file entry.pdb (PDB, N, CA and C atoms)
ATOM      1  N   MET Z   1     -30.430  35.986  -4.689
ATOM      2  CA  MET Z   1     -30.571  34.548  -4.867
ATOM      3  C   MET Z   1     -29.242  33.913  -5.283
ATOM      4  N   ALA Z   2     -28.498  34.565  -6.172
ATOM      5  CA  ALA Z   2     -27.220  34.036  -6.630
ATOM      6  C   ALA Z   2     -26.228  33.943  -5.482
ATOM      7  N   VAL Z   3     -26.297  34.901  -4.546
ATOM      8  CA  VAL Z   3     -25.397  34.884  -3.397
ATOM      9  C   VAL Z   3     -25.717  33.688  -2.506
ATOM     10  N   GLN Z   4     -27.008  33.384  -2.330
ATOM     11  CA  GLN Z   4     -27.407  32.241  -1.516
ATOM     12  C   GLN Z   4     -26.914  30.937  -2.127
ATOM     13  N   LEU Z   5     -27.017  30.842  -3.450
ATOM     14  CA  LEU Z   5     -26.531  29.635  -4.122
ATOM     15  C   LEU Z   5     -25.022  29.496  -3.971
ATOM     16  N   SER Z   6     -24.312  30.609  -4.098
ATOM     17  CA  SER Z   6     -22.854  30.562  -3.942
ATOM     18  C   SER Z   6     -22.475  30.138  -2.535
ATOM     19  N   GLU Z   7     -23.166  30.660  -1.542
ATOM     20  CA  GLU Z   7     -22.884  30.285  -0.160
ATOM     21  C   GLU Z   7     -23.219  28.816   0.083
ATOM     22  N   ALA Z   8     -24.334  28.370  -0.485
ATOM     23  CA  ALA Z   8     -24.724  26.971  -0.333
ATOM     24  C   ALA Z   8     -23.698  26.060  -1.004
ATOM     25  N   TYR Z   9     -23.220  26.465  -2.175
ATOM     26  CA  TYR Z   9     -22.211  25.668  -2.872
ATOM     27  C   TYR Z   9     -20.918  25.608  -2.062
ATOM     28  N   LEU Z  10     -20.481  26.740  -1.519
ATOM     29  CA  LEU Z  10     -19.255  26.762  -0.725
ATOM     30  C   LEU Z  10     -19.387  25.891   0.524
ATOM     31  N   ALA Z  11     -20.546  25.928   1.160
ATOM     32  CA  ALA Z  11     -20.776  25.079   2.334
ATOM     33  C   ALA Z  11     -20.725  23.607   1.938
ATOM     34  N   TRP Z  12     -21.367  23.264   0.829
ATOM     35  CA  TRP Z  12     -21.357  21.882   0.337
ATOM     36  C   TRP Z  12     -19.935  21.445  -0.006
ATOM     37  N   GLU Z  13     -19.196  22.322  -0.685
ATOM     38  CA  GLU Z  13     -17.825  22.007  -1.085
ATOM     39  C   GLU Z  13     -16.944  21.769   0.146
ATOM     40  N   THR Z  14     -17.108  22.595   1.165
ATOM     41  CA  THR Z  14     -16.328  22.444   2.392
ATOM     42  C   THR Z  14     -16.649  21.122   3.078
ATOM     43  N   LYS Z  15     -17.937  20.798   3.180
ATOM     44  CA  LYS Z  15     -18.340  19.532   3.808
ATOM     45  C   LYS Z  15     -17.801  18.335   3.023
ATOM     46  N   THR Z  16     -17.849  18.440   1.711
ATOM     47  CA  THR Z  16     -17.376  17.352   0.858
ATOM     48  C   THR Z  16     -15.872  17.140   1.036
ATOM     49  N   LYS Z  17     -15.124  18.236   1.091
ATOM     50  CA  LYS Z  17     -13.675  18.123   1.287
ATOM     51  C   LYS Z  17     -13.357  17.521   2.652
ATOM     52  N   GLU Z  18     -14.059  17.960   3.683
ATOM     53  CA  GLU Z  18     -13.834  17.416   5.025
ATOM     54  C   GLU Z  18     -14.155  15.925   5.071
ATOM     55  N   ALA Z  19     -15.264  15.547   4.440
ATOM     56  CA  ALA Z  19     -15.636  14.127   4.409
ATOM     57  C   ALA Z  19     -14.555  13.315   3.696
ATOM     58  N   GLY Z  20     -14.013  13.871   2.621
ATOM     59  CA  GLY Z  20     -12.950  13.193   1.889
ATOM     60  C   GLY Z  20     -11.690  13.027   2.724
ATOM     61  N   LYS Z  21     -11.361  14.061   3.501
ATOM     62  CA  LYS Z  21     -10.184  13.978   4.367
ATOM     63  C   LYS Z  21     -10.371  12.893   5.433
ATOM     64  N   ILE Z  22     -11.543  12.859   6.027
ATOM     65  CA  ILE Z  22     -11.827  11.851   7.057
ATOM     66  C   ILE Z  22     -11.763  10.456   6.455
ATOM     67  N   GLU Z  23     -12.379  10.289   5.298
ATOM     68  CA  GLU Z  23     -12.360   8.987   4.630
ATOM     69  C   GLU Z  23     -10.930   8.559   4.303
ATOM     70  N   GLY Z  24     -10.122   9.506   3.854
ATOM     71  CA  GLY Z  24      -8.727   9.207   3.540
ATOM     72  C   GLY Z  24      -7.939   8.785   4.768
ATOM     73  N   LYS Z  25      -8.176   9.458   5.895
ATOM     74  CA  LYS Z  25      -7.488   9.093   7.135
ATOM     75  C   LYS Z  25      -7.878   7.688   7.584
ATOM     76  N   ILE Z  26      -9.157   7.384   7.510
ATOM     77  CA  ILE Z  26      -9.617   6.056   7.913
ATOM     78  C   ILE Z  26      -9.007   4.987   7.014
ATOM     79  N   GLU Z  27      -9.020   5.222   5.711
ATOM     80  CA  GLU Z  27      -8.455   4.241   4.783
ATOM     81  C   GLU Z  27      -6.960   4.070   5.025
ATOM     82  N   GLY Z  28      -6.276   5.166   5.360
ATOM     83  CA  GLY Z  28      -4.851   5.080   5.678
ATOM     84  C   GLY Z  28      -4.597   4.240   6.920
ATOM     85  N   LYS Z  29      -5.430   4.416   7.945
ATOM     86  CA  LYS Z  29      -5.282   3.612   9.156
ATOM     87  C   LYS Z  29      -5.550   2.137   8.874
ATOM     88  N   LEU Z  30      -6.574   1.870   8.078
ATOM     89  CA  LEU Z  30      -6.877   0.476   7.729
ATOM     90  C   LEU Z  30      -5.719  -0.145   6.968
ATOM     91  N   GLU Z  31      -5.176   0.578   6.010
ATOM     92  CA  GLU Z  31      -4.065   0.052   5.224
ATOM     93  C   GLU Z  31      -2.844  -0.211   6.110
ATOM     94  N   GLY Z  32      -2.587   0.687   7.050
ATOM     95  CA  GLY Z  32      -1.466   0.495   7.962
ATOM     96  C   GLY Z  32      -1.643  -0.741   8.828
ATOM     97  N   ARG Z  33      -2.847  -0.954   9.311
ATOM     98  CA  ARG Z  33      -3.110  -2.141  10.143
ATOM     99  C   ARG Z  33      -3.024  -3.418   9.309
ATOM    100  N   ARG Z  34      -3.526  -3.369   8.080
ATOM    101  CA  ARG Z  34      -3.419  -4.547   7.205
ATOM    102  C   ARG Z  34      -1.949  -4.879   6.960
ATOM    103  N   ASN Z  35      -1.147  -3.859   6.669
ATOM    104  CA  ASN Z  35       0.282  -4.088   6.415
ATOM    105  C   ASN Z  35       0.984  -4.646   7.643
ATOM    106  N   ALA Z  36       0.644  -4.135   8.828
ATOM    107  CA  ALA Z  36       1.239  -4.648  10.066
ATOM    108  C   ALA Z  36       0.856  -6.111  10.278
ATOM    109  N   LEU Z  37      -0.385  -6.443   9.992
ATOM    110  CA  LEU Z  37      -0.854  -7.811  10.141
ATOM    111  C   LEU Z  37      -0.096  -8.755   9.208
ATOM    112  N   VAL Z  38       0.072  -8.344   7.973
ATOM    113  CA  VAL Z  38       0.841  -9.157   7.014
ATOM    114  C   VAL Z  38       2.274  -9.324   7.511
ATOM    115  N   GLN Z  39       2.856  -8.269   8.030
ATOM    116  CA  GLN Z  39       4.229  -8.336   8.524
ATOM    117  C   GLN Z  39       4.351  -9.312   9.691
ATOM    118  N   VAL Z  40       3.426  -9.245  10.634
ATOM    119  CA  VAL Z  40       3.469 -10.151  11.785
ATOM    120  C   VAL Z  40       3.297 -11.600  11.339
ATOM    121  N   LEU Z  41       2.306 -11.835  10.493
ATOM    122  CA  LEU Z  41       2.066 -13.209  10.037
ATOM    123  C   LEU Z  41       3.254 -13.748   9.251
ATOM    124  N   THR Z  42       3.831 -12.928   8.401
ATOM    125  CA  THR Z  42       4.983 -13.355   7.601
ATOM    126  C   THR Z  42       6.180 -13.634   8.496
ATOM    127  N   ARG Z  43       6.376 -12.809   9.474
ATOM    128  CA  ARG Z  43       7.505 -13.000  10.392
ATOM    129  C   ARG Z  43       7.334 -14.274  11.213
ATOM    130  N   ARG Z  44       6.105 -14.548  11.620
ATOM    131  CA  ARG Z  44       5.863 -15.719  12.471
ATOM    132  C   ARG Z  44       5.783 -17.018  11.682
ATOM    133  N   PHE Z  45       5.151 -16.964  10.485
ATOM    134  CA  PHE Z  45       4.823 -18.215   9.788
ATOM    135  C   PHE Z  45       5.419 -18.330   8.381
ATOM    136  N   GLY Z  46       6.224 -17.376   7.974
ATOM    137  CA  GLY Z  46       6.832 -17.414   6.650
ATOM    138  C   GLY Z  46       5.946 -16.765   5.598
ATOM    139  N   PRO Z  47       6.390 -16.825   4.357
ATOM    140  CA  PRO Z  47       5.632 -16.189   3.273
ATOM    141  C   PRO Z  47       4.177 -16.668   3.241
ATOM    142  N   LEU Z  48       3.284 -15.721   3.030
ATOM    143  CA  LEU Z  48       1.860 -16.043   3.037
ATOM    144  C   LEU Z  48       1.396 -16.472   1.655
ATOM    145  N   PRO Z  49       0.538 -17.482   1.601
ATOM    146  CA  PRO Z  49      -0.070 -17.835   0.314
ATOM    147  C   PRO Z  49      -0.865 -16.634  -0.219
ATOM    148  N   GLU Z  50      -0.938 -16.531  -1.510
ATOM    149  CA  GLU Z  50      -1.619 -15.400  -2.149
ATOM    150  C   GLU Z  50      -3.063 -15.253  -1.669
ATOM    151  N   GLU Z  51      -3.769 -16.372  -1.501
ATOM    152  CA  GLU Z  51      -5.171 -16.294  -1.084
ATOM    153  C   GLU Z  51      -5.317 -15.730   0.333
ATOM    154  N   VAL Z  52      -4.310 -15.973   1.185
ATOM    155  CA  VAL Z  52      -4.345 -15.411   2.539
ATOM    156  C   VAL Z  52      -4.100 -13.903   2.473
ATOM    157  N   SER Z  53      -3.129 -13.497   1.692
ATOM    158  CA  SER Z  53      -2.873 -12.065   1.515
ATOM    159  C   SER Z  53      -4.111 -11.354   0.991
ATOM    160  N   TYR Z  54      -4.781 -11.982   0.045
ATOM    161  CA  TYR Z  54      -5.999 -11.408  -0.516
ATOM    162  C   TYR Z  54      -7.087 -11.317   0.558
ATOM    163  N   GLN Z  55      -7.228 -12.355   1.363
ATOM    164  CA  GLN Z  55      -8.241 -12.370   2.422
ATOM    165  C   GLN Z  55      -7.991 -11.251   3.432
ATOM    166  N   LEU Z  56      -6.728 -10.996   3.739
ATOM    167  CA  LEU Z  56      -6.399  -9.966   4.713
ATOM    168  C   LEU Z  56      -6.775  -8.574   4.216
ATOM    169  N   GLN Z  57      -6.788  -8.386   2.918
ATOM    170  CA  GLN Z  57      -7.182  -7.090   2.366
ATOM    171  C   GLN Z  57      -8.677  -6.840   2.548
ATOM    172  N   GLY Z  58      -9.412  -7.873   2.931
ATOM    173  CA  GLY Z  58     -10.850  -7.742   3.133
ATOM    174  C   GLY Z  58     -11.224  -7.172   4.493
ATOM    175  N   GLY Z  59     -10.252  -6.997   5.379
ATOM    176  CA  GLY Z  59     -10.550  -6.404   6.686
ATOM    177  C   GLY Z  59     -11.057  -4.988   6.504
ATOM    178  N   GLU Z  60     -12.298  -4.751   6.915
ATOM    179  CA  GLU Z  60     -12.927  -3.471   6.592
ATOM    180  C   GLU Z  60     -13.119  -2.543   7.779
ATOM    181  N   SER Z  61     -12.739  -2.989   8.970
ATOM    182  CA  SER Z  61     -12.873  -2.091  10.119
ATOM    183  C   SER Z  61     -11.645  -2.224  11.003
ATOM    184  N   ILE Z  62     -11.359  -1.171  11.724
ATOM    185  CA  ILE Z  62     -10.218  -1.189  12.629
ATOM    186  C   ILE Z  62     -10.430  -2.240  13.703
ATOM    187  N   ASP Z  63     -11.649  -2.350  14.222
ATOM    188  CA  ASP Z  63     -11.936  -3.369  15.248
ATOM    189  C   ASP Z  63     -11.661  -4.773  14.726
ATOM    190  N   GLU Z  64     -12.118  -5.044  13.515
ATOM    191  CA  GLU Z  64     -11.904  -6.363  12.928
ATOM    192  C   GLU Z  64     -10.411  -6.649  12.771
ATOM    193  N   LEU Z  65      -9.669  -5.680  12.272
ATOM    194  CA  LEU Z  65      -8.238  -5.885  12.079
ATOM    195  C   LEU Z  65      -7.502  -6.030  13.405
ATOM    196  N   GLU Z  66      -7.969  -5.346  14.441
ATOM    197  CA  GLU Z  66      -7.362  -5.520  15.762
ATOM    198  C   GLU Z  66      -7.613  -6.934  16.293
ATOM    199  N   GLN Z  67      -8.807  -7.468  16.064
ATOM    200  CA  GLN Z  67      -9.099  -8.853  16.456
ATOM    201  C   GLN Z  67      -8.199  -9.817  15.690
ATOM    202  N   TRP Z  68      -8.025  -9.550  14.402
ATOM    203  CA  TRP Z  68      -7.159 -10.401  13.591
ATOM    204  C   TRP Z  68      -5.718 -10.338  14.086
ATOM    205  N   MET Z  69      -5.276  -9.136  14.488
ATOM    206  CA  MET Z  69      -3.906  -9.000  14.996
ATOM    207  C   MET Z  69      -3.751  -9.797  16.286
ATOM    208  N   ASP Z  70      -4.738  -9.722  17.163
ATOM    209  CA  ASP Z  70      -4.695 -10.540  18.382
ATOM    210  C   ASP Z  70      -4.583 -12.015  18.019
ATOM    211  N   GLY Z  71      -5.367 -12.439  17.024
ATOM    212  CA  GLY Z  71      -5.299 -13.824  16.570
ATOM    213  C   GLY Z  71      -3.935 -14.173  16.006
ATOM    214  N   ALA Z  72      -3.334 -13.243  15.279
ATOM    215  CA  ALA Z  72      -2.006 -13.476  14.703
ATOM    216  C   ALA Z  72      -0.954 -13.632  15.791
ATOM    217  N   LEU Z  73      -1.105 -12.880  16.862
ATOM    218  CA  LEU Z  73      -0.134 -12.942  17.953
ATOM    219  C   LEU Z  73      -0.320 -14.190  18.815
ATOM    220  N   ASP Z  74      -1.561 -14.672  18.915
ATOM    221  CA  ASP Z  74      -1.860 -15.830  19.761
ATOM    222  C   ASP Z  74      -1.780 -17.165  19.020
ATOM    223  N   ALA Z  75      -1.901 -17.151  17.709
ATOM    224  CA  ALA Z  75      -1.966 -18.388  16.920
ATOM    225  C   ALA Z  75      -0.644 -19.155  16.985
ATOM    226  N   THR Z  76      -0.758 -20.471  16.907
ATOM    227  CA  THR Z  76       0.431 -21.325  16.908
ATOM    228  C   THR Z  76       0.880 -21.694  15.497
ATOM    229  N   SER Z  77       0.019 -21.425  14.516
ATOM    230  CA  SER Z  77       0.344 -21.698  13.117
ATOM    231  C   SER Z  77      -0.543 -20.825  12.240
ATOM    232  N   LEU Z  78      -0.236 -20.786  10.961
ATOM    233  CA  LEU Z  78      -1.076 -20.023  10.038
ATOM    234  C   LEU Z  78      -2.476 -20.633   9.978
ATOM    235  N   ALA Z  79      -2.561 -21.952  10.010
ATOM    236  CA  ALA Z  79      -3.872 -22.626  10.006
ATOM    237  C   ALA Z  79      -4.668 -22.243  11.252
ATOM    238  N   ASP Z  80      -3.998 -22.159  12.386
ATOM    239  CA  ASP Z  80      -4.642 -21.753  13.624
ATOM    240  C   ASP Z  80      -5.166 -20.328  13.499
ATOM    241  N   PHE Z  81      -4.351 -19.429  12.933
ATOM    242  CA  PHE Z  81      -4.787 -18.047  12.714
ATOM    243  C   PHE Z  81      -6.025 -18.010  11.835
ATOM    244  N   LEU Z  82      -6.011 -18.731  10.728
ATOM    245  CA  LEU Z  82      -7.154 -18.733   9.798
ATOM    246  C   LEU Z  82      -8.405 -19.261  10.466
ATOM    247  N   ALA Z  83      -8.260 -20.249  11.334
ATOM    248  CA  ALA Z  83      -9.418 -20.776  12.067
ATOM    249  C   ALA Z  83      -9.954 -19.706  13.016
ATOM    250  N   ARG Z  84      -9.078 -18.971  13.658
ATOM    251  CA  ARG Z  84      -9.500 -17.904  14.570
ATOM    252  C   ARG Z  84     -10.230 -16.803  13.807
ATOM    253  N   VAL Z  85      -9.720 -16.445  12.654
ATOM    254  CA  VAL Z  85     -10.350 -15.404  11.827
ATOM    255  C   VAL Z  85     -11.719 -15.861  11.355
ATOM    256  N   ALA Z  86     -11.833 -17.124  11.019
ATOM    257  CA  ALA Z  86     -13.117 -17.652  10.536
ATOM    258  C   ALA Z  86     -14.176 -17.594  11.639
ATOM    259  N   LYS Z  87     -13.770 -17.737  12.891
ATOM    260  CA  LYS Z  87     -14.694 -17.693  14.012
ATOM    261  C   LYS Z  87     -15.136 -16.268  14.342
ATOM    262  N   ALA Z  88     -14.261 -15.305  14.049
ATOM    263  CA  ALA Z  88     -14.544 -13.903  14.418
ATOM    264  C   ALA Z  88     -15.664 -13.299  13.604
TER     265      ALA Z  88
END

call {"tool": "encode", "arguments": {"input": "entry.pdb", "output": "structure tokens"}}
result
Amino acid sequence: MAVQLSEAYLAWETKTKEAGKIEGKIEGKLEGRRNALVQVLTRRFGPLPEEVSYQLQGGESIDELEQWMDGALDATSLADFLARVAKA
């Protein structure tokens, strides 16, 4: 019985570590996309107001951030970008 528990614990530990690695990779990709978005917006429209920077940190999926990046590239102003994000 003790051997079964040890094997079950090792299997659980392995799954937990793998899940943590996957979660870390996803969070790293999200952070990279958020940083790229801030860089593009800052380059195009100048320093971002704090509330906009804070709002950009709310992007929770890669798809959402890709839509925002498209909006950042197509927008004619920061206000235009914010309107596009609000519609998405």

call {"tool": "select_by_dssp", "arguments": {"input": "entry.pdb", "residues": "chain Z", "states": "alpha helix (DSSP H)", "output": "ChimeraX atom specification"}}
result
/Z:2-45,50-56,62-74,78-87

call {"tool": "closest_residue", "arguments": {"input": "entry.pdb", "among": "Z:Ala19, Z:Ala75, Z:Leu30, Z:Leu37", "to": "Gly59 (chain Z)", "atoms": "only N, CA and C atoms"}}
result
Z:Leu30

call {"tool": "atom_distance", "arguments": {"input": "entry.pdb", "atom1": "atom C of Glu23 (chain Z)", "atom2": "atom C of Ala8 (chain Z)"}}
result
22.3 Å

call {"tool": "axis_aligned_box", "arguments": {"input": "entry.pdb", "around": "region 61-69 of chain Z", "padding_each_side": "8 Å", "output": "JSON"}}
result
{"center_x": -8.3, "center_y": -5.8, "center_z": 12.7, "size_x": 25.1, "size_y": 25.2, "size_z": 23.5}

call {"tool": "resolve_selection", "arguments": {"input": "entry.pdb", "expression": "the PyMOL selection byres (((chain Z and resi 62-71 and name CA) around 9) and name CA)", "output": "ChimeraX atom specification"}}
result
/Z:26,29-30,33-34,36-37,40-41,56,59-61,72-75,80-82,84-85,88
